[in-house]
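What follows is one structure encoded as structure tokens, with my remarks underneath.
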Amino acid sequence: MSELLLMGLPASMSASLEQVAEIRQPLMLLTRHSIREQALGDGFAGYALPLTEQGRQLAQAWGAALLQQTGRRLHSCISSPIQRCLETASLMRAGQAQLLGIAVETLPPIEQQLLLVEPGGFVYDVAQAGPLFFKHGSLAFINAFLRQEVPGMKVPQHGVCDLLQLLHQQSVATTLESAADTLHLAVSHDTILAAFLAVMAQQREITWADWPEMMEGVWLWFEGETFLAATVHWLWRGVHYRQSVQSLTEMKA
């Protein structure tokens, strides 16, 4: 794993693999895309910035390492339709296919999901929210969203429930026989992960220290086949959290 760390993999991802190996349910990795070209100014990258060559190599190597270290093979793959996310997903698939010695086309295809675009599943009127995103910058925008001060944005718990339901739908498609060997992949953006994790932790304000790095992700799994009766577990930076979906829907109401 030292080679992956040198390539830019966040240390939290390497450190979590031992805990991940103990999980027996179908596992979802909701991750930020790999290393991209640097943005200028307020932290908003726009949609055009591509992955760097380092980022491309990291994504492929990380996909292979996930299979090698956990024994989990990609069962489904969803992504923001932005190119750097699609490329991250594609290269992670390629890394697994190469390790398995199979054609990448035999792995599940990448399904584009608008809920994973920034600000994606947290907005209901982009005409209202969009200009404020550019005006305030990513961190200030997310903190205003957490305080419910941004017009055009959903109630935070509502946005999180919509995203969780999408992830639950992916995970319950797994057969019981393959559950412990299954990995579902969802590739998104830093703002989506930052908002999602803050709401799940019931934070009203976050700092740059909370912000997900490139190629950093949260591991999720569910107990319960019915979404509203499920318990969601998540592993973030080495800490295991759990919460019932019902409690989130009650906060949403």
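Simple scheme: letters A, B, ... for chains in structure tokens order, numbers from 1 for residues in each chain, numbers from 1 for ligands in the order shown.
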
Spatial neighbours of stretch 100-111 of chain A, 8 Å, only C-alpha atoms, chain gap at least 6 places, as a PyMOL selection string: chain A and resi 74-79+86+89-90+93-94

Output N, CA and C atoms for every residue in that selection, as an mmCIF file, in the first residue's frame.
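Generated file (selection23.cif):
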```
data_model
loop_
_atom_site.group_PDB
_atom_site.id
_atom_site.type_symbol
_atom_site.label_atom_id
_atom_site.label_comp_id
_atom_site.auth_asym_id
_atom_site.auth_seq_id
_atom_site.Cartn_x
_atom_site.Cartn_y
_atom_site.Cartn_z
ATOM 1 N N LEU A 74 -16.242 -5.535 -8.151
ATOM 2 C CA LEU A 74 -17.278 -4.550 -8.462
ATOM 3 C C LEU A 74 -18.540 -5.238 -8.965
ATOM 4 N N HIS A 75 -19.646 -4.921 -8.293
ATOM 5 C CA HIS A 75 -20.938 -5.481 -8.661
ATOM 6 C C HIS A 75 -21.813 -4.445 -9.371
ATOM 7 N N SER A 76 -21.582 -3.169 -9.050
ATOM 8 C CA SER A 76 -22.276 -2.085 -9.747
ATOM 9 C C SER A 76 -21.420 -0.832 -9.645
ATOM 10 N N CYS A 77 -21.680 0.095 -10.535
ATOM 11 C CA CYS A 77 -20.867 1.306 -10.588
ATOM 12 C C CYS A 77 -21.732 2.466 -11.065
ATOM 13 N N ILE A 78 -21.889 3.485 -10.205
ATOM 14 C CA ILE A 78 -22.621 4.690 -10.578
ATOM 15 C C ILE A 78 -21.686 5.879 -10.431
ATOM 16 N N SER A 79 -21.968 6.933 -11.192
ATOM 17 C CA SER A 79 -21.046 8.058 -11.218
ATOM 18 C C SER A 79 -21.769 9.341 -11.593
ATOM 19 N N LEU A 86 -16.422 10.054 -14.239
ATOM 20 C CA LEU A 86 -16.576 8.904 -15.132
ATOM 21 C C LEU A 86 -15.232 8.236 -15.398
ATOM 22 N N ALA A 89 -14.136 6.221 -12.335
ATOM 23 C CA ALA A 89 -14.864 4.951 -12.283
ATOM 24 C C ALA A 89 -14.352 3.980 -13.337
ATOM 25 N N SER A 90 -14.124 4.478 -14.542
ATOM 26 C CA SER A 90 -13.661 3.625 -15.635
ATOM 27 C C SER A 90 -12.289 3.025 -15.334
ATOM 28 N N ARG A 93 -12.477 0.322 -12.639
ATOM 29 C CA ARG A 93 -12.950 -0.918 -13.276
ATOM 30 C C ARG A 93 -11.810 -1.590 -14.036
ATOM 31 N N ALA A 94 -11.051 -0.779 -14.764
ATOM 32 C CA ALA A 94 -9.946 -1.328 -15.559
ATOM 33 C C ALA A 94 -8.902 -1.984 -14.656
#
```

Practice task
Taking the DSSP assignment computed from this structure's backbone, write out as a list in words all residues of stretch 71-196 of chain A that belong to strand (DSSP E).
Solution key: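 Across stretch 71-196 of chain A, those assigned strand (DSSP E) are Arg73, Leu74, His75, Ser76, Cys77, Ile78, Ser79, Ile110, Glu111, Gln112, Thr182, Leu183, His184, Leu185, Ala186, Val187 and Ser188 of chain A.
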
Limited to all heavy atoms, could you put the picked residues into a file as a compact mmCIF listing (two decimals), in the first residue's frame?
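Now in out-v3.txt:
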```
# COMPACT_ATOMS: atom_id res chain seq x y z
N ARG A 73 -15.24 -7.73 -5.53
CA ARG A 73 -15.29 -7.42 -6.96
C ARG A 73 -16.44 -6.45 -7.22
O ARG A 73 -17.49 -6.52 -6.58
CB ARG A 73 -15.50 -8.71 -7.73
CG ARG A 73 -15.63 -8.57 -9.22
CD ARG A 73 -15.58 -9.94 -9.86
NE ARG A 73 -15.97 -9.91 -11.27
CZ ARG A 73 -15.78 -10.90 -12.12
NH1 ARG A 73 -15.21 -12.03 -11.68
NH2 ARG A 73 -16.16 -10.81 -13.37
N LEU A 74 -16.24 -5.53 -8.15
CA LEU A 74 -17.28 -4.55 -8.46
C LEU A 74 -18.54 -5.24 -8.97
O LEU A 74 -18.51 -6.02 -9.91
CB LEU A 74 -16.78 -3.57 -9.52
CG LEU A 74 -15.82 -2.49 -9.03
CD1 LEU A 74 -15.28 -1.67 -10.21
CD2 LEU A 74 -16.47 -1.56 -8.02
N HIS A 75 -19.65 -4.92 -8.29
CA HIS A 75 -20.94 -5.48 -8.66
C HIS A 75 -21.81 -4.44 -9.37
O HIS A 75 -22.66 -4.79 -10.18
CB HIS A 75 -21.65 -5.99 -7.41
CG HIS A 75 -22.94 -6.70 -7.68
ND1 HIS A 75 -22.99 -8.02 -8.03
CD2 HIS A 75 -24.22 -6.26 -7.66
CE1 HIS A 75 -24.26 -8.38 -8.21
NE2 HIS A 75 -25.02 -7.33 -7.99
N SER A 76 -21.58 -3.17 -9.05
CA SER A 76 -22.28 -2.09 -9.75
C SER A 76 -21.42 -0.83 -9.64
O SER A 76 -20.56 -0.72 -8.76
CB SER A 76 -23.67 -1.82 -9.15
OG SER A 76 -23.57 -1.22 -7.88
N CYS A 77 -21.68 0.09 -10.54
CA CYS A 77 -20.87 1.31 -10.59
C CYS A 77 -21.73 2.47 -11.06
O CYS A 77 -22.28 2.43 -12.17
CB CYS A 77 -19.69 1.10 -11.53
SG CYS A 77 -18.52 2.46 -11.56
N ILE A 78 -21.89 3.48 -10.21
CA ILE A 78 -22.62 4.69 -10.58
C ILE A 78 -21.69 5.88 -10.43
O ILE A 78 -20.73 5.85 -9.66
CB ILE A 78 -23.90 4.88 -9.73
CG1 ILE A 78 -23.58 4.90 -8.23
CG2 ILE A 78 -24.92 3.81 -10.05
CD1 ILE A 78 -24.80 5.15 -7.35
N SER A 79 -21.97 6.93 -11.19
CA SER A 79 -21.05 8.06 -11.22
C SER A 79 -21.77 9.34 -11.59
O SER A 79 -22.77 9.33 -12.32
CB SER A 79 -19.92 7.79 -12.25
OG SER A 79 -19.10 8.93 -12.42
N ILE A 110 -20.88 1.48 -16.20
CA ILE A 110 -21.03 2.67 -15.36
C ILE A 110 -22.37 3.33 -15.68
O ILE A 110 -22.68 3.62 -16.83
CB ILE A 110 -19.89 3.67 -15.62
CG1 ILE A 110 -18.54 3.00 -15.33
CG2 ILE A 110 -20.07 4.92 -14.75
CD1 ILE A 110 -17.36 3.81 -15.84
N GLU A 111 -23.15 3.55 -14.65
CA GLU A 111 -24.45 4.22 -14.80
C GLU A 111 -24.32 5.66 -14.30
O GLU A 111 -23.90 5.90 -13.17
CB GLU A 111 -25.51 3.49 -13.99
CG GLU A 111 -26.90 4.13 -14.07
CD GLU A 111 -27.89 3.44 -13.15
OE1 GLU A 111 -27.64 2.29 -12.74
OE2 GLU A 111 -28.93 4.07 -12.84
N GLN A 112 -24.67 6.62 -15.14
CA GLN A 112 -24.58 8.03 -14.75
C GLN A 112 -25.78 8.41 -13.88
O GLN A 112 -26.91 8.06 -14.19
CB GLN A 112 -24.52 8.91 -15.99
CG GLN A 112 -23.29 8.64 -16.85
CD GLN A 112 -23.19 9.58 -18.04
OE1 GLN A 112 -23.65 10.72 -17.99
NE2 GLN A 112 -22.57 9.10 -19.11
N THR A 182 -18.75 -8.52 -2.45
CA THR A 182 -19.33 -7.54 -3.35
C THR A 182 -18.91 -6.12 -2.98
O THR A 182 -18.91 -5.74 -1.82
CB THR A 182 -20.87 -7.63 -3.32
OG1 THR A 182 -21.25 -8.88 -3.85
CG2 THR A 182 -21.51 -6.52 -4.14
N LEU A 183 -18.58 -5.34 -4.00
CA LEU A 183 -18.29 -3.92 -3.84
C LEU A 183 -19.12 -3.12 -4.83
O LEU A 183 -19.12 -3.43 -6.03
CB LEU A 183 -16.80 -3.65 -4.07
CG LEU A 183 -16.37 -2.18 -3.99
CD1 LEU A 183 -16.55 -1.65 -2.57
CD2 LEU A 183 -14.92 -2.01 -4.43
N HIS A 184 -19.85 -2.15 -4.33
CA HIS A 184 -20.55 -1.19 -5.17
C HIS A 184 -19.77 0.13 -5.14
O HIS A 184 -19.27 0.53 -4.08
CB HIS A 184 -21.97 -0.95 -4.66
CG HIS A 184 -22.80 -2.20 -4.61
ND1 HIS A 184 -23.46 -2.70 -5.71
CD2 HIS A 184 -23.07 -3.04 -3.59
CE1 HIS A 184 -24.11 -3.81 -5.37
NE2 HIS A 184 -23.89 -4.03 -4.09
N LEU A 185 -19.69 0.78 -6.27
CA LEU A 185 -18.89 2.00 -6.38
C LEU A 185 -19.78 3.16 -6.80
O LEU A 185 -20.60 3.04 -7.71
CB LEU A 185 -17.78 1.81 -7.42
CG LEU A 185 -16.87 3.01 -7.69
CD1 LEU A 185 -16.06 3.40 -6.45
CD2 LEU A 185 -15.93 2.70 -8.87
N ALA A 186 -19.61 4.30 -6.12
CA ALA A 186 -20.29 5.54 -6.49
C ALA A 186 -19.25 6.66 -6.48
O ALA A 186 -18.63 6.92 -5.45
CB ALA A 186 -21.43 5.86 -5.52
N VAL A 187 -19.06 7.32 -7.61
CA VAL A 187 -18.03 8.35 -7.74
C VAL A 187 -18.70 9.71 -7.85
O VAL A 187 -19.55 9.94 -8.72
CB VAL A 187 -17.12 8.10 -8.96
CG1 VAL A 187 -15.99 9.12 -9.00
CG2 VAL A 187 -16.54 6.68 -8.92
N SER A 188 -18.29 10.63 -6.98
CA SER A 188 -18.93 11.93 -6.92
C SER A 188 -17.89 13.03 -6.68
O SER A 188 -16.71 12.85 -7.04
CB SER A 188 -20.01 11.92 -5.82
OG SER A 188 -20.81 13.09 -5.87
```

What separates atom CA of A:Pro212 and atom CA of A:Pro26 is a distance of 23.0 Å

Between stretch 156-224 of chain A and stretch 7-25 of chain A, at 8 Å or less, what are the per-residue closest atom pairs and their distances in Å? Count only C-alpha atoms, order by chain and rising residue number, and return it as JSON lines.
```
{"residue": "A:Ala179", "atom": "CA", "partner": "A:Gln25", "partner_atom": "CA", "distance": 5.4}
{"residue": "A:Ala180", "atom": "CA", "partner": "A:Arg24", "partner_atom": "CA", "distance": 4.5}
{"residue": "A:Glu213", "atom": "CA", "partner": "A:Pro10", "partner_atom": "CA", "distance": 6.9}
{"residue": "A:Met214", "atom": "CA", "partner": "A:Pro10", "partner_atom": "CA", "distance": 7.7}
{"residue": "A:Met215", "atom": "CA", "partner": "A:Leu9", "partner_atom": "CA", "distance": 6.3}
{"residue": "A:Glu216", "atom": "CA", "partner": "A:Pro10", "partner_atom": "CA", "distance": 6.0}
{"residue": "A:Gly217", "atom": "CA", "partner": "A:Met13", "partner_atom": "CA", "distance": 7.3}
{"residue": "A:Trp219", "atom": "CA", "partner": "A:Val20", "partner_atom": "CA", "distance": 8.0}
{"residue": "A:Trp221", "atom": "CA", "partner": "A:Gln25", "partner_atom": "CA", "distance": 6.5}
{"residue": "A:Phe222", "atom": "CA", "partner": "A:Gln25", "partner_atom": "CA", "distance": 7.4}
{"residue": "A:Glu223", "atom": "CA", "partner": "A:Gln25", "partner_atom": "CA", "distance": 7.9}
```

- request: Assign secondary structure with DSSP using the backbone only, and return the residues of stretch 71-218 of chain A in helix (DSSP H, G or I) as number ranges by chain.
  value: A: 83-100, 104-106, 114-116, 120-122, 126-136, 138-146, 156-171, 176-181, 190-200, 208-210

Those same residues, written as a JSON list (two decimals), in the first residue's frame with C-alpha atoms?
```json
[["chain", "number", "residue", "atom", "x", "y", "z"],
["A", 83, "GLN", "CA", -15.82, 13.50, -17.03],
["A", 84, "ARG", "CA", -13.31, 13.29, -14.17],
["A", 85, "CYS", "CA", -15.77, 11.16, -12.18],
["A", 86, "LEU", "CA", -16.58, 8.90, -15.13],
["A", 87, "GLU", "CA", -12.87, 8.49, -15.85],
["A", 88, "THR", "CA", -12.16, 7.62, -12.21],
["A", 89, "ALA", "CA", -14.86, 4.95, -12.28],
["A", 90, "SER", "CA", -13.66, 3.63, -15.64],
["A", 91, "LEU", "CA", -10.06, 3.34, -14.48],
["A", 92, "MET", "CA", -11.02, 1.64, -11.22],
["A", 93, "ARG", "CA", -12.95, -0.92, -13.28],
["A", 94, "ALA", "CA", -9.95, -1.33, -15.56],
["A", 95, "GLY", "CA", -7.70, -1.98, -12.57],
["A", 96, "GLN", "CA", -9.94, -4.78, -11.36],
["A", 97, "ALA", "CA", -10.34, -6.27, -14.83],
["A", 98, "GLN", "CA", -6.58, -6.33, -15.34],
["A", 99, "LEU", "CA", -6.04, -8.09, -12.01],
["A", 100, "LEU", "CA", -8.76, -10.63, -12.84],
["A", 104, "VAL", "CA", -13.26, -4.71, -18.71],
["A", 105, "GLU", "CA", -16.55, -4.99, -20.64],
["A", 106, "THR", "CA", -17.44, -8.06, -18.57],
["A", 114, "LEU", "CA", -27.51, 13.20, -11.60],
["A", 115, "LEU", "CA", -27.82, 12.91, -7.80],
["A", 116, "LEU", "CA", -24.03, 12.62, -7.71],
["A", 120, "GLY", "CA", -26.87, 17.43, -7.38],
["A", 121, "GLY", "CA", -29.21, 15.71, -4.96],
["A", 122, "PHE", "CA", -29.25, 18.65, -2.57],
["A", 126, "VAL", "CA", -30.46, 25.37, -9.57],
["A", 127, "ALA", "CA", -31.42, 28.81, -10.91],
["A", 128, "GLN", "CA", -31.63, 30.05, -7.32],
["A", 129, "ALA", "CA", -28.83, 28.03, -5.75],
["A", 130, "GLY", "CA", -26.29, 27.99, -8.59],
["A", 131, "PRO", "CA", -25.20, 31.65, -8.54],
["A", 132, "LEU", "CA", -24.66, 31.47, -4.75],
["A", 133, "PHE", "CA", -22.42, 28.46, -5.21],
["A", 134, "PHE", "CA", -20.11, 30.51, -7.41],
["A", 135, "LYS", "CA", -20.40, 33.63, -5.25],
["A", 136, "HIS", "CA", -19.54, 32.14, -1.86],
["A", 138, "SER", "CA", -17.56, 25.67, -1.79],
["A", 139, "LEU", "CA", -16.94, 25.68, 1.97],
["A", 140, "ALA", "CA", -19.04, 28.77, 2.75],
["A", 141, "PHE", "CA", -21.79, 27.48, 0.48],
["A", 142, "ILE", "CA", -21.94, 24.09, 2.22],
["A", 143, "ASN", "CA", -22.03, 25.72, 5.66],
["A", 144, "ALA", "CA", -24.87, 28.01, 4.55],
["A", 145, "PHE", "CA", -26.67, 24.93, 3.21],
["A", 146, "LEU", "CA", -26.26, 23.13, 6.55],
["A", 156, "PRO", "CA", -30.36, 18.83, 4.24],
["A", 157, "GLN", "CA", -31.83, 15.59, 5.63],
["A", 158, "HIS", "CA", -34.10, 15.35, 2.58],
["A", 159, "GLY", "CA", -31.11, 15.49, 0.24],
["A", 160, "VAL", "CA", -29.24, 12.89, 2.27],
["A", 161, "CYS", "CA", -32.25, 10.53, 2.29],
["A", 162, "ASP", "CA", -32.54, 10.80, -1.49],
["A", 163, "LEU", "CA", -28.87, 9.91, -1.88],
["A", 164, "LEU", "CA", -29.04, 7.10, 0.68],
["A", 165, "GLN", "CA", -32.04, 5.59, -1.09],
["A", 166, "LEU", "CA", -30.07, 5.51, -4.34],
["A", 167, "LEU", "CA", -27.16, 3.77, -2.60],
["A", 168, "HIS", "CA", -29.51, 1.31, -0.86],
["A", 169, "GLN", "CA", -31.08, 0.38, -4.20],
["A", 170, "GLN", "CA", -27.63, -0.47, -5.52],
["A", 171, "SER", "CA", -26.68, -2.59, -2.51],
["A", 176, "LEU", "CA", -26.79, -13.30, -0.41],
["A", 177, "GLU", "CA", -24.20, -15.79, -1.67],
["A", 178, "SER", "CA", -21.96, -13.01, -2.96],
["A", 179, "ALA", "CA", -22.60, -10.38, -0.29],
["A", 180, "ALA", "CA", -19.22, -10.58, 1.43],
["A", 181, "ASP", "CA", -17.38, -10.45, -1.91],
["A", 190, "ASP", "CA", -16.07, 16.87, -2.75],
["A", 191, "THR", "CA", -19.11, 19.09, -2.13],
["A", 192, "ILE", "CA", -21.50, 16.12, -2.28],
["A", 193, "LEU", "CA", -19.40, 14.07, 0.13],
["A", 194, "ALA", "CA", -18.80, 17.02, 2.47],
["A", 195, "ALA", "CA", -22.50, 17.85, 2.70],
["A", 196, "PHE", "CA", -23.51, 14.19, 3.01],
["A", 197, "LEU", "CA", -21.07, 13.46, 5.83],
["A", 198, "ALA", "CA", -21.89, 16.66, 7.71],
["A", 199, "VAL", "CA", -25.62, 15.95, 7.68],
["A", 200, "MET", "CA", -25.08, 12.33, 8.71],
["A", 208, "TRP", "CA", -11.39, 22.45, 5.58],
["A", 209, "ALA", "CA", -10.12, 19.74, 7.95],
["A", 210, "ASP", "CA", -13.44, 17.92, 7.39]]
```

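Across the structure, atom CA of A:Val117 and atom CA of A:Ile35 are spaced 17.0 Å apart.
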